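Read through the structure below, which is laid out as structure tokens, and then see the notes.
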Amino acid sequence: MLPLGKLRSEVLNEILKDIPSSDSKVIIGPREGFDSAVIEYDEENYLIVATDPVLGVPKEHFGFFTYHFASSDVAVFGAKPRWLIVNLLLPHGTTKGELKETMKELNEECRKYETSIVGGHTGVYTTIKDITATTTAMGIVPKEELKLPLAKPGDEIVITKGVGIEFAVGTAWFKEKELRKRLSAEDVRTLKEMYSLETVVEDAKIARPFVRGMHDATEGGLTALHEIADNSNVGFEIYMESIPISPPVKKVLDIYEVDPLTISSTGTLIAITPPENVEALIKTLHVAGIPAFRIGRFTEKKERLLIRDKDVEEFPHFKGDAYAELY
């Protein structure tokens with residue numbers, strides 16, 4: 001039986017090797033660690049395409065997530081999300097008012113980022129228990145501006161905002177009664193408002209001129225560094241004391257005893273940055289109101305190391321999705 005959450009590497013790679021690919025215009029197809037496809041659009045540009053499910057998120061802000069999950073994957077490849085295809089599947093009992101609220105929020109995000117919905121499907125089904133969507137986002141990027149999640153030895157690792165936000169926010173929305181026994185009302189309210197951080201569309205737009213590549217730390221959190229290292233034939237070292245965790249998020253992670261390095265962290269941008277660009281990248285993000293932190297670097301040696309004070313250990317791998325298990 002397959003475990004909850006995203007497929008583990010060994011199963012995913014077994015499936016991917018049997019997918020046929022004969023179109024020369026497909027530059028990057030299905031591949032572990034690459035959350036978007038790259039297709040030749042014309043002589044000067046690539047078309048970036050990404051698709052993502054939307055489920056297990058607060059229904060009060062379902063429109064926000066319907067826009068940002070797939071759009072973030074397009075943005076980290078250097079493209080502006082330009083078009084969306086949205087499949088919106090509703091459980092029996094959904095009201096027209098609830099649907100209109102979801103679409104109102106989705107449309108607001110589209111207007112904010114100048115993105116057009118170009119198609120999709122909407123329906124009500126008895127087999128759907130909670131509102132669910134799949135969104136396909138597309139954008140165009142000049143070939144010389146394409147950003148792939150690949151690193152070179154010496155590249156610095158910068159992340160935005162902090163880790164664990166997705167898990168903590170979900171807990172505040174779905175386990176509020178349980179959480180209020182351990183946290184203050186203010187902490188719970190703060191966590192619920194942090195849903196708007198679960199995107200890297202703006203992070204990636206600002207970071208684009210300074211980075212070699214980018215990745216969104218979604219399911220598996222910072223274990224995405226293993227995918228980057230595998231695809232780049234490099235190692236990395238991470239300094240635990242440099243990894244930011246906001247105080248209310250840390251409280252939740254401690255309550256549920258989850259590893260901040262491996263927990264779902266949608267909204268945390270991993271920026272693969274040449275050393276000479278790190279200071280400018282962090283400063284530019286901060287000016288835009290997005291906290292950014294250098295947490296380590298990629299190395300020529302193939303070890304994947306976590307450094308805690310004077311202790312050195314192997315960086316953890318993705319083993320289980322605590323977010324999926326909890327919700």
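Convention: chains lettered A, B, ... in structure tokens order; per-chain residue numbering from 1; ligands numbered from 1 as shown.
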(request) Excluding A:Val278 and residues on its chain fewer than 4 positions from it, collect all residues at most 12 Å away from it, counting only C-alpha atoms, and give them as an MDAnalysis selection string. (result) chainID A and resid 154:159 207 209:212 271:274 282:285 292:297
Using only C-alpha atoms, what table do you get, as a tab-separated table, when you list each residue of stretch 80-158 of chain A with an atom no more than 10 Å from stretch 57-67 of chain A, its nearest pair of atoms, and their distance in Å rounded to one decimal, rows by chain then rising number?
residue	atom	partner	partner_atom	distance
A:Pro81	CA	A:Tyr67	CA	9.6
A:Leu84	CA	A:Tyr67	CA	8.0
A:Ile85	CA	A:Tyr67	CA	9.9
A:Val86	CA	A:Thr66	CA	7.8
A:Asn87	CA	A:Thr66	CA	9.5
A:Leu88	CA	A:Thr66	CA	8.9
A:Glu98	CA	A:Glu60	CA	8.9
A:Leu99	CA	A:Gly63	CA	9.5
A:Lys100	CA	A:Gly63	CA	9.9
A:Glu101	CA	A:Gly63	CA	8.0
A:Thr102	CA	A:Gly63	CA	4.7
A:Met103	CA	A:Gly63	CA	6.0
A:Lys104	CA	A:Gly63	CA	7.4
A:Glu105	CA	A:Gly63	CA	4.9
A:Leu106	CA	A:Gly63	CA	4.1
A:Asn107	CA	A:Gly63	CA	7.8
A:Glu108	CA	A:Phe64	CA	8.5
A:Glu109	CA	A:Phe64	CA	6.6
A:Cys110	CA	A:Tyr67	CA	7.2
A:Tyr113	CA	A:Tyr67	CA	9.9
A:Thr115	CA	A:Tyr67	CA	9.3
A:Ile117	CA	A:Tyr67	CA	9.8
A:Asp130	CA	A:Lys59	CA	8.7
A:Ile131	CA	A:Lys59	CA	7.3
A:Thr132	CA	A:Phe62	CA	8.8
A:Ala133	CA	A:Thr66	CA	6.9
A:Thr134	CA	A:Thr66	CA	7.5
A:Thr135	CA	A:Thr66	CA	6.4
A:Thr136	CA	A:Tyr67	CA	9.3
A:Ala137	CA	A:Tyr67	CA	8.4
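Every protein or nucleic acid residue with an atom no more than 8 Å from stretch 227-237 of chain A, counting only C-alpha atoms and leaving out same-chain residues fewer than 3 positions away, appears here: Glu32, Gly33, Pro149, Leu150, Ala151, Lys152, Pro153, Thr223, Ala224, Gly296, Arg297, Phe298, Thr299, Glu300, Lys301, Lys302, Glu303, Arg304, Leu305, Leu306 and Ile307 of chain A.
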(message) Residues near stretch 161-169 of chain A, anyone? I mean within 9 Å using only C-alpha atoms, not counting same-chain ones fewer than 5 positions away, as a ChimeraX atom specification.
(response) /A:174,188,190-195,197-198,217-218,221-222,243-246,248-253,259-269,290-293,322-323
Got time to write the residues from that selection, N, CA and C atoms, as a tab-separated table (two decimals), in the first residue's frame?
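Contents of result.tsv, freshly written:
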chain	number	residue	atom	x	y	z
A	174	PHE	N	-7.66	23.70	11.01
A	174	PHE	CA	-8.38	22.43	11.10
A	174	PHE	C	-8.42	21.84	12.50
A	188	VAL	N	-3.13	31.61	17.80
A	188	VAL	CA	-3.97	30.91	16.83
A	188	VAL	C	-4.44	31.87	15.74
A	190	THR	N	-2.95	34.61	14.77
A	190	THR	CA	-1.78	34.94	13.93
A	190	THR	C	-1.51	33.84	12.93
A	191	LEU	N	-1.56	32.60	13.38
A	191	LEU	CA	-1.29	31.46	12.49
A	191	LEU	C	-2.33	31.39	11.38
A	192	LYS	N	-3.58	31.60	11.68
A	192	LYS	CA	-4.62	31.53	10.66
A	192	LYS	C	-4.42	32.60	9.59
A	193	GLU	N	-3.94	33.78	10.01
A	193	GLU	CA	-3.70	34.87	9.06
A	193	GLU	C	-2.48	34.62	8.19
A	194	MET	N	-1.62	33.69	8.59
A	194	MET	CA	-0.39	33.42	7.85
A	194	MET	C	-0.62	32.57	6.60
A	195	TYR	N	-1.88	32.21	6.31
A	195	TYR	CA	-2.17	31.45	5.09
A	195	TYR	C	-1.63	32.17	3.86
A	197	LEU	N	1.03	33.56	3.32
A	197	LEU	CA	2.46	33.36	3.08
A	197	LEU	C	2.73	32.10	2.26
A	198	GLU	N	1.69	31.29	2.01
A	198	GLU	CA	1.89	30.02	1.32
A	198	GLU	C	1.91	30.20	-0.19
A	217	ALA	N	9.59	24.81	-1.26
A	217	ALA	CA	9.72	23.71	-0.29
A	217	ALA	C	8.34	23.21	0.14
A	218	THR	N	7.68	22.48	-0.74
A	218	THR	CA	6.32	22.00	-0.46
A	218	THR	C	6.38	20.72	0.37
A	221	GLY	N	9.34	19.59	2.67
A	221	GLY	CA	10.09	20.73	3.17
A	221	GLY	C	11.49	20.85	2.58
A	222	LEU	N	12.47	21.03	3.45
A	222	LEU	CA	13.84	21.25	2.99
A	222	LEU	C	14.51	19.98	2.47
A	243	ILE	N	18.37	28.35	10.34
A	243	ILE	CA	17.05	28.08	9.77
A	243	ILE	C	15.98	28.81	10.58
A	244	PRO	N	15.27	29.74	9.96
A	244	PRO	CA	14.27	30.53	10.70
A	244	PRO	C	12.95	29.77	10.89
A	245	ILE	N	12.42	29.87	12.10
A	245	ILE	CA	11.10	29.33	12.42
A	245	ILE	C	10.41	30.38	13.27
A	246	SER	N	9.30	30.92	12.81
A	246	SER	CA	8.63	31.96	13.57
A	246	SER	C	8.11	31.37	14.88
A	248	PRO	N	5.24	31.39	16.71
A	248	PRO	CA	4.00	30.59	16.77
A	248	PRO	C	4.09	29.29	15.99
A	249	VAL	N	4.83	29.30	14.88
A	249	VAL	CA	5.02	28.06	14.11
A	249	VAL	C	5.81	27.05	14.93
A	250	LYS	N	6.86	27.50	15.58
A	250	LYS	CA	7.68	26.59	16.39
A	250	LYS	C	6.87	25.94	17.50
A	251	LYS	N	5.96	26.70	18.09
A	251	LYS	CA	5.11	26.14	19.14
A	251	LYS	C	4.29	24.97	18.60
A	252	VAL	N	3.75	25.12	17.41
A	252	VAL	CA	2.94	24.05	16.81
A	252	VAL	C	3.80	22.84	16.48
A	253	LEU	N	4.97	23.07	15.89
A	253	LEU	CA	5.84	21.97	15.54
A	253	LEU	C	6.26	21.20	16.79
A	259	ASP	N	9.44	17.23	12.60
A	259	ASP	CA	10.77	17.72	12.24
A	259	ASP	C	10.62	18.96	11.35
A	260	PRO	N	11.13	20.11	11.77
A	260	PRO	CA	11.00	21.31	10.95
A	260	PRO	C	11.72	21.22	9.61
A	261	LEU	N	12.66	20.28	9.48
A	261	LEU	CA	13.41	20.14	8.23
A	261	LEU	C	12.65	19.36	7.18
A	262	THR	N	11.71	18.52	7.60
A	262	THR	CA	11.04	17.63	6.65
A	262	THR	C	9.55	17.93	6.49
A	263	ILE	N	9.03	18.86	7.28
A	263	ILE	CA	7.59	19.12	7.25
A	263	ILE	C	7.23	20.00	6.04
A	264	SER	N	6.02	19.84	5.54
A	264	SER	CA	5.53	20.63	4.41
A	264	SER	C	5.69	22.12	4.70
A	265	SER	N	6.32	22.82	3.77
A	265	SER	CA	6.65	24.23	3.97
A	265	SER	C	6.34	25.06	2.73
A	266	THR	N	5.18	24.82	2.13
A	266	THR	CA	4.77	25.62	0.99
A	266	THR	C	4.86	27.11	1.33
A	267	GLY	N	5.46	27.89	0.45
A	267	GLY	CA	5.67	29.30	0.69
A	267	GLY	C	7.11	29.64	1.05
A	268	THR	N	7.91	28.61	1.33
A	268	THR	CA	9.33	28.80	1.60
A	268	THR	C	10.09	28.63	0.29
A	269	LEU	N	10.64	29.70	-0.23
A	269	LEU	CA	11.42	29.63	-1.45
A	269	LEU	C	12.85	29.19	-1.12
A	290	ILE	N	9.88	40.68	2.44
A	290	ILE	CA	9.99	39.23	2.48
A	290	ILE	C	11.29	38.86	3.19
A	291	PRO	N	11.21	38.33	4.41
A	291	PRO	CA	12.43	37.94	5.12
A	291	PRO	C	13.18	36.84	4.37
A	292	ALA	N	14.50	36.94	4.35
A	292	ALA	CA	15.32	35.95	3.65
A	292	ALA	C	16.57	35.65	4.48
A	293	PHE	N	17.03	34.39	4.41
A	293	PHE	CA	18.09	33.94	5.29
A	293	PHE	C	19.02	32.98	4.54
A	322	ALA	N	3.75	14.29	7.64
A	322	ALA	CA	2.97	14.53	8.86
A	322	ALA	C	1.72	15.35	8.56
A	323	TYR	N	1.80	16.23	7.57
A	323	TYR	CA	0.65	17.06	7.18
A	323	TYR	C	-0.49	16.17	6.68
(request) Please report, as number ranges by chain, each residue of stretch 162-279 of chain A to which DSSP assigns alpha helix (DSSP H) when run on this structure's backbone. (result) A: 165-174, 176-179, 185-193, 201-207, 224-232, 247-256, 278-279
What would the file look like if the residues just selected were written as a compact mmCIF listing (two decimals), in the first residue's frame with N, CA and C atoms?
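Output contents, as saved in result_24.txt:
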# COMPACT_ATOMS: atom_id res chain seq x y z
N ILE A 165 5.53 26.67 7.91
CA ILE A 165 4.35 27.54 7.91
C ILE A 165 3.10 26.77 7.47
N GLU A 166 3.22 25.99 6.41
CA GLU A 166 2.04 25.28 5.89
C GLU A 166 1.42 24.37 6.95
N PHE A 167 2.26 23.61 7.62
CA PHE A 167 1.77 22.68 8.64
C PHE A 167 1.09 23.44 9.78
N ALA A 168 1.75 24.49 10.27
CA ALA A 168 1.22 25.24 11.41
C ALA A 168 -0.08 25.96 11.06
N VAL A 169 -0.14 26.54 9.86
CA VAL A 169 -1.36 27.23 9.43
C VAL A 169 -2.51 26.24 9.31
N GLY A 170 -2.25 25.09 8.70
CA GLY A 170 -3.28 24.07 8.58
C GLY A 170 -3.80 23.61 9.92
N THR A 171 -2.90 23.48 10.88
CA THR A 171 -3.31 23.07 12.22
C THR A 171 -4.22 24.11 12.85
N ALA A 172 -3.88 25.39 12.67
CA ALA A 172 -4.70 26.46 13.25
C ALA A 172 -6.11 26.47 12.67
N TRP A 173 -6.23 26.14 11.38
CA TRP A 173 -7.55 26.14 10.75
C TRP A 173 -8.34 24.86 11.05
N PHE A 174 -7.66 23.70 11.01
CA PHE A 174 -8.38 22.43 11.10
C PHE A 174 -8.42 21.84 12.50
N GLU A 176 -8.27 23.87 15.42
CA GLU A 176 -8.29 25.07 16.24
C GLU A 176 -8.70 24.78 17.68
N LYS A 177 -9.74 23.99 17.86
CA LYS A 177 -10.21 23.70 19.22
C LYS A 177 -9.13 22.99 20.03
N GLU A 178 -8.48 22.05 19.39
CA GLU A 178 -7.41 21.30 20.06
C GLU A 178 -6.21 22.21 20.36
N LEU A 179 -5.89 23.09 19.41
CA LEU A 179 -4.72 23.94 19.55
C LEU A 179 -4.92 25.03 20.61
N ALA A 185 -5.05 32.64 22.24
CA ALA A 185 -5.96 33.01 21.15
C ALA A 185 -5.23 33.87 20.13
N GLU A 186 -4.31 34.71 20.59
CA GLU A 186 -3.55 35.56 19.68
C GLU A 186 -2.65 34.73 18.76
N ASP A 187 -1.99 33.71 19.32
CA ASP A 187 -1.15 32.84 18.51
C ASP A 187 -1.96 32.14 17.43
N VAL A 188 -3.13 31.61 17.80
CA VAL A 188 -3.97 30.91 16.83
C VAL A 188 -4.44 31.87 15.74
N ARG A 189 -4.83 33.06 16.14
CA ARG A 189 -5.28 34.06 15.17
C ARG A 189 -4.14 34.44 14.22
N THR A 190 -2.95 34.61 14.77
CA THR A 190 -1.78 34.94 13.93
C THR A 190 -1.51 33.84 12.93
N LEU A 191 -1.56 32.60 13.38
CA LEU A 191 -1.29 31.46 12.49
C LEU A 191 -2.33 31.39 11.38
N LYS A 192 -3.58 31.60 11.68
CA LYS A 192 -4.62 31.53 10.66
C LYS A 192 -4.42 32.60 9.59
N GLU A 193 -3.94 33.78 10.01
CA GLU A 193 -3.70 34.87 9.06
C GLU A 193 -2.48 34.62 8.19
N VAL A 201 5.15 33.16 -5.46
CA VAL A 201 5.03 33.88 -6.72
C VAL A 201 5.80 35.20 -6.65
N GLU A 202 5.59 35.97 -5.60
CA GLU A 202 6.27 37.26 -5.46
C GLU A 202 7.74 37.04 -5.10
N ASP A 203 8.02 36.08 -4.23
CA ASP A 203 9.41 35.77 -3.85
C ASP A 203 10.25 35.49 -5.09
N ALA A 204 9.73 34.61 -5.95
CA ALA A 204 10.47 34.20 -7.14
C ALA A 204 10.65 35.34 -8.12
N LYS A 205 9.62 36.18 -8.26
CA LYS A 205 9.72 37.33 -9.16
C LYS A 205 10.85 38.26 -8.73
N ILE A 206 10.96 38.51 -7.43
CA ILE A 206 11.99 39.40 -6.92
C ILE A 206 13.36 38.75 -6.98
N ALA A 207 13.43 37.46 -6.68
CA ALA A 207 14.71 36.76 -6.61
C ALA A 207 15.31 36.45 -7.98
N ALA A 224 13.80 18.81 -0.13
CA ALA A 224 13.93 19.12 -1.56
C ALA A 224 15.39 19.37 -1.93
N LEU A 225 16.22 19.70 -0.95
CA LEU A 225 17.65 19.90 -1.21
C LEU A 225 18.29 18.62 -1.73
N HIS A 226 17.78 17.47 -1.32
CA HIS A 226 18.30 16.20 -1.84
C HIS A 226 18.02 16.07 -3.34
N GLU A 227 16.83 16.49 -3.76
CA GLU A 227 16.50 16.43 -5.18
C GLU A 227 17.42 17.35 -5.98
N ILE A 228 17.65 18.55 -5.47
CA ILE A 228 18.54 19.48 -6.15
C ILE A 228 19.94 18.90 -6.24
N ALA A 229 20.42 18.32 -5.14
CA ALA A 229 21.76 17.75 -5.12
C ALA A 229 21.87 16.55 -6.05
N ASP A 230 20.86 15.69 -6.07
CA ASP A 230 20.87 14.52 -6.96
C ASP A 230 20.96 14.95 -8.42
N ASN A 231 20.15 15.93 -8.79
CA ASN A 231 20.11 16.38 -10.18
C ASN A 231 21.32 17.20 -10.58
N SER A 232 22.05 17.73 -9.60
CA SER A 232 23.19 18.61 -9.87
C SER A 232 24.53 17.93 -9.63
N PRO A 247 8.04 32.17 15.95
CA PRO A 247 7.66 31.64 17.28
C PRO A 247 6.33 30.88 17.31
N PRO A 248 5.24 31.39 16.71
CA PRO A 248 4.00 30.59 16.77
C PRO A 248 4.09 29.29 15.99
N VAL A 249 4.83 29.30 14.88
CA VAL A 249 5.02 28.06 14.11
C VAL A 249 5.81 27.05 14.93
N LYS A 250 6.86 27.50 15.58
CA LYS A 250 7.68 26.59 16.39
C LYS A 250 6.87 25.94 17.50
N LYS A 251 5.96 26.70 18.09
CA LYS A 251 5.11 26.14 19.14
C LYS A 251 4.29 24.97 18.60
N VAL A 252 3.75 25.12 17.41
CA VAL A 252 2.94 24.05 16.81
C VAL A 252 3.80 22.84 16.48
N LEU A 253 4.97 23.07 15.89
CA LEU A 253 5.84 21.97 15.54
C LEU A 253 6.26 21.20 16.79
N ASP A 254 6.49 21.91 17.88
CA ASP A 254 6.87 21.25 19.14
C ASP A 254 5.71 20.45 19.71
N ILE A 255 4.49 21.00 19.63
CA ILE A 255 3.32 20.29 20.16
C ILE A 255 3.13 18.96 19.45
N TYR A 256 3.28 18.96 18.12
CA TYR A 256 3.03 17.74 17.34
C TYR A 256 4.31 16.94 17.08
N VAL A 278 24.43 36.94 -3.02
CA VAL A 278 23.67 36.66 -1.81
C VAL A 278 23.24 37.93 -1.08
N GLU A 279 24.17 38.84 -0.87
CA GLU A 279 23.86 40.05 -0.12
C GLU A 279 22.79 40.87 -0.82
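The interatomic distance for the pair atom CA of A:Asp23 and atom CA of A:Leu7 works out to 25.9 Å.
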(request) Report as an MDAnalysis selection string: the residues of stretch 41-234 of chain A with a DSSP assignment of strand (DSSP E or B), based on the backbone of this structure. (result) chainID A and resid 45:54 83:91 116:125 132:142 156:160 213:216
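Picture a line from atom CA of A:Lys147 to atom CA of A:Ser71; it runs 14.7 Å.
Interatomic distance, atom CA of A:Tyr125 against atom CA of A:Ala50: 25.3 Å.
Each of A:Ile28, A:Ala288, A:Leu2, A:Ala280 was compared to A:Tyr46 using only C-alpha atoms, and A:Ile28 turns out to be the nearest.
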(request) Using only C-alpha atoms, find the one residue out of A:Arg31, A:Lys143, A:Lys80, A:Lys96 that sits nearest to A:Ser116. (result) A:Lys80
(request) Please provide the set of residues having any atom within 10 Å of A:Glu144, restricted to only C-alpha atoms, with same-chain residues fewer than 4 positions apart removed, written as a PyMOL selection string. (result) chain A and resi 44-46+78
Write a file of the selected residues as a JSON list (two decimals), in the first residue's frame, keeping C-alpha atoms.
[["chain", "number", "residue", "atom", "x", "y", "z"],
["A", 44, "GLU", "CA", 13.39, 32.96, -28.18],
["A", 45, "ASN", "CA", 11.04, 31.65, -25.49],
["A", 46, "TYR", "CA", 10.03, 28.61, -23.47],
["A", 78, "GLY", "CA", 11.52, 32.27, -14.06]]
